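input-v4.txt (compact mmCIF, C-alpha atoms)
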```txt
# COMPACT_ATOMS: atom_id res chain seq x y z
CA MET A 22 0.00 0.00 0.00
CA PHE A 23 1.16 3.53 -0.86
CA ILE A 24 0.33 6.68 1.07
CA ASN A 25 -0.45 9.63 -1.19
CA ASN A 26 0.16 12.89 0.61
CA PHE A 27 1.54 14.91 -2.29
CA ASP A 28 1.21 18.67 -2.40
CA PRO A 29 -0.61 19.76 -5.60
CA VAL A 30 1.69 22.79 -5.66
CA ALA A 31 5.06 21.95 -7.23
CA PHE A 32 6.75 25.18 -6.19
CA ASN A 33 6.17 28.89 -5.64
CA PHE A 34 7.49 31.52 -8.02
CA LEU A 35 7.31 34.99 -6.51
CA SER A 36 3.65 35.17 -5.42
CA LEU A 37 2.46 32.50 -7.86
CA GLU A 38 1.76 28.87 -7.05
CA ILE A 39 2.96 26.59 -9.84
CA LYS A 40 0.87 23.43 -9.68
CA TRP A 41 1.74 19.98 -10.98
CA TYR A 42 -1.33 20.09 -13.21
CA SER A 43 0.00 23.14 -15.05
CA ILE A 44 3.40 21.49 -15.43
CA ALA A 45 1.69 18.38 -16.83
CA TYR A 46 -0.06 20.43 -19.52
CA ILE A 47 3.16 22.19 -20.47
CA LEU A 48 5.18 18.96 -20.58
CA GLY A 49 2.56 17.20 -22.66
CA ILE A 50 2.36 19.98 -25.24
CA VAL A 51 6.11 20.63 -25.45
CA LEU A 52 7.15 16.97 -25.66
CA GLY A 53 4.39 16.22 -28.16
CA TRP A 54 5.50 19.18 -30.29
CA ILE A 55 9.14 18.04 -30.21
CA TYR A 56 8.21 14.43 -31.03
CA CYS A 57 6.10 15.51 -34.00
CA LYS A 58 8.77 17.78 -35.43
CA LYS A 59 11.70 15.44 -34.87
CA LYS A 60 10.16 12.04 -35.58
CA LEU A 61 6.86 12.24 -37.43
CA ILE A 62 6.66 15.17 -39.84
CA LYS A 63 8.52 14.71 -43.12
CA ASP A 64 6.74 17.27 -45.30
CA LYS A 65 8.36 20.73 -45.06
CA LYS A 66 5.07 22.58 -45.56
CA ILE A 67 3.40 20.67 -42.72
CA LEU A 68 6.51 21.16 -40.59
CA ASN A 69 6.39 24.94 -41.06
CA LEU A 70 2.66 25.10 -40.33
CA PHE A 71 2.82 22.90 -37.25
CA ASP A 72 4.34 25.63 -35.07
CA ASP A 73 1.34 27.87 -35.77
CA LEU A 74 -1.08 25.00 -35.13
CA ILE A 75 0.18 24.62 -31.54
CA ALA A 76 -1.50 27.87 -30.50
CA TYR A 77 -4.82 26.62 -31.90
CA ILE A 78 -4.38 23.31 -30.07
CA ILE A 79 -3.72 25.05 -26.74
CA PHE A 80 -6.85 27.17 -27.06
CA GLY A 81 -8.83 24.10 -28.14
CA ILE A 82 -7.68 22.12 -25.10
CA ILE A 83 -8.39 24.89 -22.59
CA ILE A 84 -11.69 26.16 -23.98
CA GLY A 85 -13.03 22.75 -24.99
CA GLY A 86 -11.86 21.05 -21.82
CA ARG A 87 -13.42 23.67 -19.58
CA LEU A 88 -16.70 23.96 -21.47
CA GLY A 89 -16.92 20.18 -21.69
CA TYR A 90 -16.58 19.82 -17.93
CA ILE A 91 -19.11 22.55 -17.24
CA LEU A 92 -21.74 21.38 -19.74
CA ILE A 93 -21.32 17.61 -19.34
CA TYR A 94 -20.32 17.12 -15.72
CA ASN A 95 -21.28 20.07 -13.53
CA LEU A 96 -23.66 22.51 -15.25
CA LYS A 97 -25.88 23.12 -12.22
CA TYR A 98 -22.94 24.12 -10.02
CA TYR A 99 -21.53 26.63 -12.50
CA LEU A 100 -24.92 28.15 -13.23
CA GLU A 101 -25.03 28.93 -9.52
CA ASN A 102 -21.38 30.04 -9.41
CA ILE A 103 -20.85 31.91 -12.68
CA SER A 104 -17.69 33.65 -11.44
CA GLU A 105 -15.90 30.28 -11.10
CA ILE A 106 -16.28 29.36 -14.78
CA PHE A 107 -12.95 30.98 -15.63
CA MET A 108 -11.07 29.65 -12.58
CA ILE A 109 -9.48 26.73 -14.40
CA TRP A 110 -6.61 26.70 -11.88
CA ASN A 111 -9.08 25.21 -9.39
CA GLY A 112 -9.56 22.16 -11.63
CA GLY A 113 -12.48 20.98 -13.71
CA MET A 114 -11.42 19.93 -17.21
CA SER A 115 -13.02 17.27 -19.41
CA PHE A 116 -10.84 15.17 -21.72
CA HIS A 117 -13.69 14.59 -24.16
CA GLY A 118 -14.47 18.31 -24.16
CA GLY A 119 -10.81 19.10 -24.78
CA LEU A 120 -10.78 16.55 -27.62
CA ILE A 121 -13.73 18.23 -29.31
CA GLY A 122 -12.04 21.59 -28.80
CA VAL A 123 -8.84 20.34 -30.47
CA ILE A 124 -10.80 18.87 -33.39
CA ILE A 125 -12.65 22.15 -33.98
CA ALA A 126 -9.45 24.20 -33.63
CA THR A 127 -7.61 21.92 -36.06
CA LEU A 128 -10.49 22.06 -38.53
CA LEU A 129 -10.43 25.86 -38.50
CA PHE A 130 -6.66 25.95 -38.90
CA SER A 131 -6.70 23.42 -41.74
CA LYS A 132 -9.42 25.26 -43.64
CA LYS A 133 -7.48 28.50 -43.28
CA HIS A 134 -4.41 26.90 -44.84
CA LYS A 135 -6.31 24.57 -47.21
CA ILE A 136 -4.79 21.38 -45.78
CA ASP A 137 -6.54 18.06 -45.15
CA THR A 138 -7.61 18.26 -41.50
CA TYR A 139 -6.84 14.58 -40.90
CA ILE A 140 -3.15 15.09 -41.65
CA PHE A 141 -2.90 17.19 -38.50
CA LEU A 142 -5.39 15.11 -36.50
CA ASP A 143 -3.32 11.99 -37.17
CA LEU A 144 -0.21 13.75 -35.86
CA ILE A 145 -2.10 14.93 -32.79
CA SER A 146 -3.44 11.40 -32.21
CA LEU A 147 0.08 9.97 -32.26
CA THR A 148 1.32 12.43 -29.66
CA ALA A 149 -1.77 13.04 -27.49
CA PRO A 150 -1.01 10.01 -25.28
CA ILE A 151 2.09 11.85 -24.05
CA GLY A 152 -0.09 14.64 -22.66
CA ILE A 153 -2.66 12.17 -21.35
CA PHE A 154 0.07 10.34 -19.43
CA PHE A 155 1.32 13.46 -17.68
CA GLY A 156 -2.24 14.63 -17.07
CA ARG A 157 -3.17 11.39 -15.29
CA ILE A 158 0.00 11.52 -13.20
CA ALA A 159 -1.02 15.05 -12.18
CA ASN A 160 -4.48 13.70 -11.27
CA PHE A 161 -2.76 11.17 -9.02
CA ILE A 162 -0.63 13.83 -7.34
CA ASN A 163 -3.70 16.01 -6.85
CA SER A 164 -5.68 13.12 -5.29
CA GLU A 165 -8.48 13.58 -7.84
CA LEU A 166 -10.35 11.07 -10.03
CA TYR A 167 -9.38 8.49 -7.43
CA GLY A 168 -10.35 4.82 -7.45
CA LYS A 169 -12.76 2.60 -5.58
CA GLU A 170 -11.99 0.86 -2.31
CA THR A 171 -9.77 -2.21 -2.60
CA ASP A 172 -7.37 -4.38 -0.61
CA VAL A 173 -4.89 -5.14 -3.44
CA PHE A 174 -1.28 -4.72 -2.35
CA TRP A 175 -0.71 -1.80 -4.72
CA SER A 176 -3.64 0.16 -3.28
CA VAL A 177 -3.23 3.81 -2.33
CA LYS A 178 -4.51 5.91 0.54
CA PHE A 179 -5.28 9.43 -0.61
CA LEU A 180 -4.96 11.28 2.69
CA ALA A 181 -6.50 14.41 1.21
CA ILE A 182 -9.68 12.37 0.64
CA ASP A 183 -9.96 9.81 3.45
CA ASN A 184 -8.17 6.89 5.09
CA ILE A 185 -9.50 4.21 2.72
CA SER A 186 -7.24 2.03 0.56
CA ARG A 187 -8.21 2.65 -3.07
CA HIS A 188 -7.35 1.64 -6.61
CA PRO A 189 -4.85 4.10 -8.12
CA SER A 190 -7.18 4.53 -11.10
CA GLN A 191 -5.20 7.53 -12.33
CA ILE A 192 -2.15 5.29 -12.76
CA TYR A 193 -4.25 2.67 -14.58
CA GLU A 194 -5.33 5.39 -17.01
CA ALA A 195 -1.80 6.77 -17.34
CA ILE A 196 -0.61 3.30 -18.38
CA LEU A 197 -3.55 2.43 -20.66
CA GLU A 198 -4.37 5.79 -22.23
CA GLY A 199 -0.81 7.09 -22.12
CA VAL A 200 1.90 4.44 -22.44
CA ILE A 201 0.07 1.58 -24.17
CA LEU A 202 -1.92 3.82 -26.52
CA PHE A 203 1.24 5.69 -27.52
CA ILE A 204 3.15 2.47 -28.24
CA LEU A 205 0.23 0.91 -30.11
CA LEU A 206 -0.48 3.82 -32.47
CA ASN A 207 3.14 4.65 -33.17
CA TYR A 208 3.95 0.99 -33.82
CA MET A 209 1.21 0.90 -36.45
CA VAL A 210 2.64 3.97 -38.16
CA LYS A 211 6.21 2.66 -38.00
CA LYS A 212 5.18 -0.67 -39.53
CA ASN A 213 2.91 1.11 -42.04
CA ILE A 214 -0.01 -1.11 -41.01
CA PHE A 215 -2.51 1.65 -41.80
CA SER A 216 -1.33 4.28 -44.24
CA LYS A 217 -4.51 6.09 -45.21
CA THR A 218 -5.00 9.56 -43.79
CA GLY A 219 -7.52 9.66 -40.96
CA VAL A 220 -7.22 6.01 -39.95
CA ILE A 221 -4.86 6.77 -37.05
CA SER A 222 -7.35 9.38 -35.80
CA SER A 223 -10.09 6.76 -35.85
CA LEU A 224 -7.91 4.23 -34.03
CA PHE A 225 -7.10 6.80 -31.37
CA LEU A 226 -10.81 7.28 -30.72
CA ILE A 227 -11.45 3.53 -30.67
CA PHE A 228 -8.62 2.48 -28.36
CA TYR A 229 -8.83 5.49 -26.06
CA SER A 230 -12.55 4.83 -25.61
CA ILE A 231 -11.94 1.16 -24.81
CA PHE A 232 -9.19 1.95 -22.30
CA ARG A 233 -11.20 4.72 -20.66
CA PHE A 234 -14.31 2.53 -20.48
CA LEU A 235 -12.38 -0.24 -18.73
CA ALA A 236 -10.51 2.06 -16.33
CA GLU A 237 -13.77 3.70 -15.21
CA PHE A 238 -14.83 0.42 -13.57
CA TYR A 239 -12.11 1.08 -10.96
CA ARG A 240 -12.78 4.78 -10.58
CA VAL A 241 -15.24 6.52 -8.28
CA PRO A 242 -17.83 8.34 -10.43
CA ASP A 243 -18.28 12.07 -10.11
CA PRO A 244 -20.21 12.56 -6.84
CA GLN A 245 -22.63 15.07 -8.37
CA ILE A 246 -23.58 12.56 -11.07
CA GLY A 247 -23.01 9.01 -9.85
CA TYR A 248 -23.98 6.14 -12.15
CA ILE A 249 -26.36 6.74 -15.04
CA VAL A 250 -27.69 3.44 -16.44
CA PHE A 251 -26.60 -0.21 -16.02
CA ASP A 252 -24.13 0.97 -13.35
CA LEU A 253 -22.20 2.85 -16.00
CA SER A 254 -20.64 6.25 -15.32
CA LEU A 255 -21.12 9.28 -17.52
CA GLY A 256 -17.50 8.94 -18.64
CA GLN A 257 -18.24 5.42 -19.88
CA LEU A 258 -21.36 6.52 -21.74
CA VAL A 259 -19.48 9.36 -23.44
CA SER A 260 -16.70 6.89 -24.30
CA ILE A 261 -19.25 4.64 -26.00
CA ILE A 262 -20.33 7.55 -28.20
CA PHE A 263 -16.74 8.34 -29.18
CA PHE A 264 -16.06 4.63 -29.76
CA ILE A 265 -18.99 4.39 -32.20
CA PHE A 266 -17.80 7.47 -34.04
CA GLY A 267 -14.26 6.00 -34.15
CA ILE A 268 -15.58 2.79 -35.72
CA TYR A 269 -17.53 4.78 -38.31
CA LEU A 270 -14.49 6.91 -39.11
CA PHE A 271 -12.24 3.84 -39.39
CA PHE A 272 -14.38 2.17 -42.05
CA LYS A 273 -14.92 5.44 -43.87
CA LYS A 274 -11.21 6.30 -44.06
CA ASN A 275 -9.79 2.79 -44.42
CA ASN A 276 -12.12 1.99 -47.31
CA ALA A 277 -11.59 5.31 -49.04
CA THR A 278 -10.11 5.11 -52.53
```

What would you get if you wrote out this structure as structure tokens?
Amino acid sequence: MFINNFDPVAFNFLSLEIKWYSIAYILGIVLGWIYCKKKLIKDKKILNLFDDLIAYIIFGIIIGGRLGYILIYNLKYYLENISEIFMIWNGGMSFHGGLIGVIIATLLFSKKHKIDTYIFLDLISLTAPIGIFFGRIANFINSELYGKETDVFWSVKFLAIDNISRHPSQIYEAILEGVILFILLNYMVKKNIFSKTGVISSLFLIFYSIFRFLAEFYRVPDPQIGYIVFDLSLGQLVSIIFFIFGIYLFFKKNNAT
């Protein structure tokens, strides 16, 4: 058993508190950007445009992630506390909302430069697991999105929550949605298993949804929502929707001539 008593604040700079969650976002974006430019992008035009795309991606993540959390997970609370909508430093970001935000931002950027949107979305799909990994580690440090009670020897006590031994569900997600998803997608690209544009994007949606769906069985659902139907959480139901869309996109792109 591990005792989690981490401080969400990594360090103080002047009068500012620099939190692990902020560092996770920065690391994910920077390392993903470096990996794309050094390992994935071969076309000079795409390489030159990718730097400008990063700004769009950042706005997509922040705006989409925040709006997604508010609208999907906690609308009632924020309608009663309007002033807290912009306080993203207090937490409250939705991965699925951020994903939609990135897709919209990439679509706008691609149309502006008259480039196939899926060229960029495939690149983002190959590197997104890096950011997901660091994000889930930050969730673990922050004692949020914690797991259900268990007596397995690798259980964790989140002292900021209670004195119960729990599944480290954040670590499960970091491994599944971060490490394994990254290896899986990049292996397919390296071996040229799927070469058609857009297929990697569809596979990202499919495998992320499967991993997220499975990990949610070990995670405590959002207290303001609980379980919806068939003892499934809202995160699982949203994952099913994205999984279905991923399957549709896979057959559409893989069968394209």

Contact residues around Ile78 in chain A with only C-alpha atoms at 7 Å, ignoring same-chain residues under 6 positions, as number ranges by chain:
A: 123, 126-127

Top pick for closest residue to Phe116 in chain A, considering A:Arg157, A:Lys97, A:Lys169, A:Lys63 and counting all atoms listed in the file
A:Arg157

Tell me which protein, DNA and RNA residues are within 8 Å of Val241 in chain A, counting only C-alpha atoms, leaving out same-chain ones fewer than 3 positions away, and put them as number ranges by chain.
A: 166-169, 237, 244

Selection near Thr171 in chain A, 8 Å with only C-alpha atoms, sequence-local residues under 3 positions removed, as a PyMOL selection string:
chain A and resi 176+186-188

For Ile91 in chain A, work out the shell of residues within 10 Å, counting all atoms listed in the file and skipping chain neighbours fewer than 5 positions away, then give it as a PyMOL selection string.
chain A and resi 85-86+96-100+106+113-115+118

Distance query 12 Å from (-5.5, 34.2, -12.0) using only C-alpha atoms, result as an MDAnalysis selection string
chainID A and resid 36:39 105 107:111

Top pick for closest residue to Ile246 in chain A, considering A:Ile93, A:Val30, A:Ile265, A:Ile79 and counting all atoms listed in the file:
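Closest residue, counting all atoms listed in the file: A:Ile93.
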
For range 216-233 of chain A, find every residue with an atom within 8 Å (counting all atoms listed in the file), except residues of its own chain fewer than 4 positions away, and show them as a list of chain:residue names.
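In the requested form, the answer reads A:Tyr139, A:Ile140, A:Leu142, A:Asp143, A:Ser146, A:Leu147, A:Glu194, A:Leu197, A:Glu198, A:Leu202, A:Leu206, A:Val210, A:Glu237, A:Gly256, A:Gln257, A:Ser260, A:Ile261, A:Phe263, A:Phe264, A:Ile265, A:Phe266, A:Gly267, A:Ile268, A:Leu270, A:Phe271, A:Lys274, A:Asn275.
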
Rounded to one decimal, what separation in Å do you get between CA of Tyr42 in chain A and CA of Ile62 in chain A?
28.2 Å

Given all atoms listed in the file as the counted atoms, nearest of A:Leu74, A:Cys57, A:Leu88, A:Ile83 to Leu128 in chain A
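Distance minimum relative to Leu128 in chain A lands on A:Leu74.
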
Between CA of Met209 in chain A and CA of Asp72 in chain A, what distance in Å does the model show, to one decimal?
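According to the coordinates, CA of Met209 in chain A and CA of Asp72 in chain A are separated by 25.0 Å.
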
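Counting only C-alpha atoms, the residue from A:Ile162, A:Ile103, A:Ile84, A:Leu129 that sits nearest to Pro29 in chain A is A:Ile162.
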
One residue among A:Ala76, A:Ile204, A:Leu70, A:Ile182 is nearest to Phe27 in chain A when using only C-alpha atoms, and that residue is A:Ile182

Between A:Phe238, A:Phe141, A:Phe161, A:Trp41, which residue has the minimum interatomic distance to Phe179 in chain A, considering only C-alpha atoms?
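For Phe179 in chain A, the nearest of the given residues is A:Phe161.
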
Report, in Å to a single decimal, how far apart CA of Gly199 in chain A and CA of Ile151 in chain A are.
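Atom-to-atom, CA of Ile151 in chain A and CA of Gly199 in chain A are spaced 5.9 Å apart.
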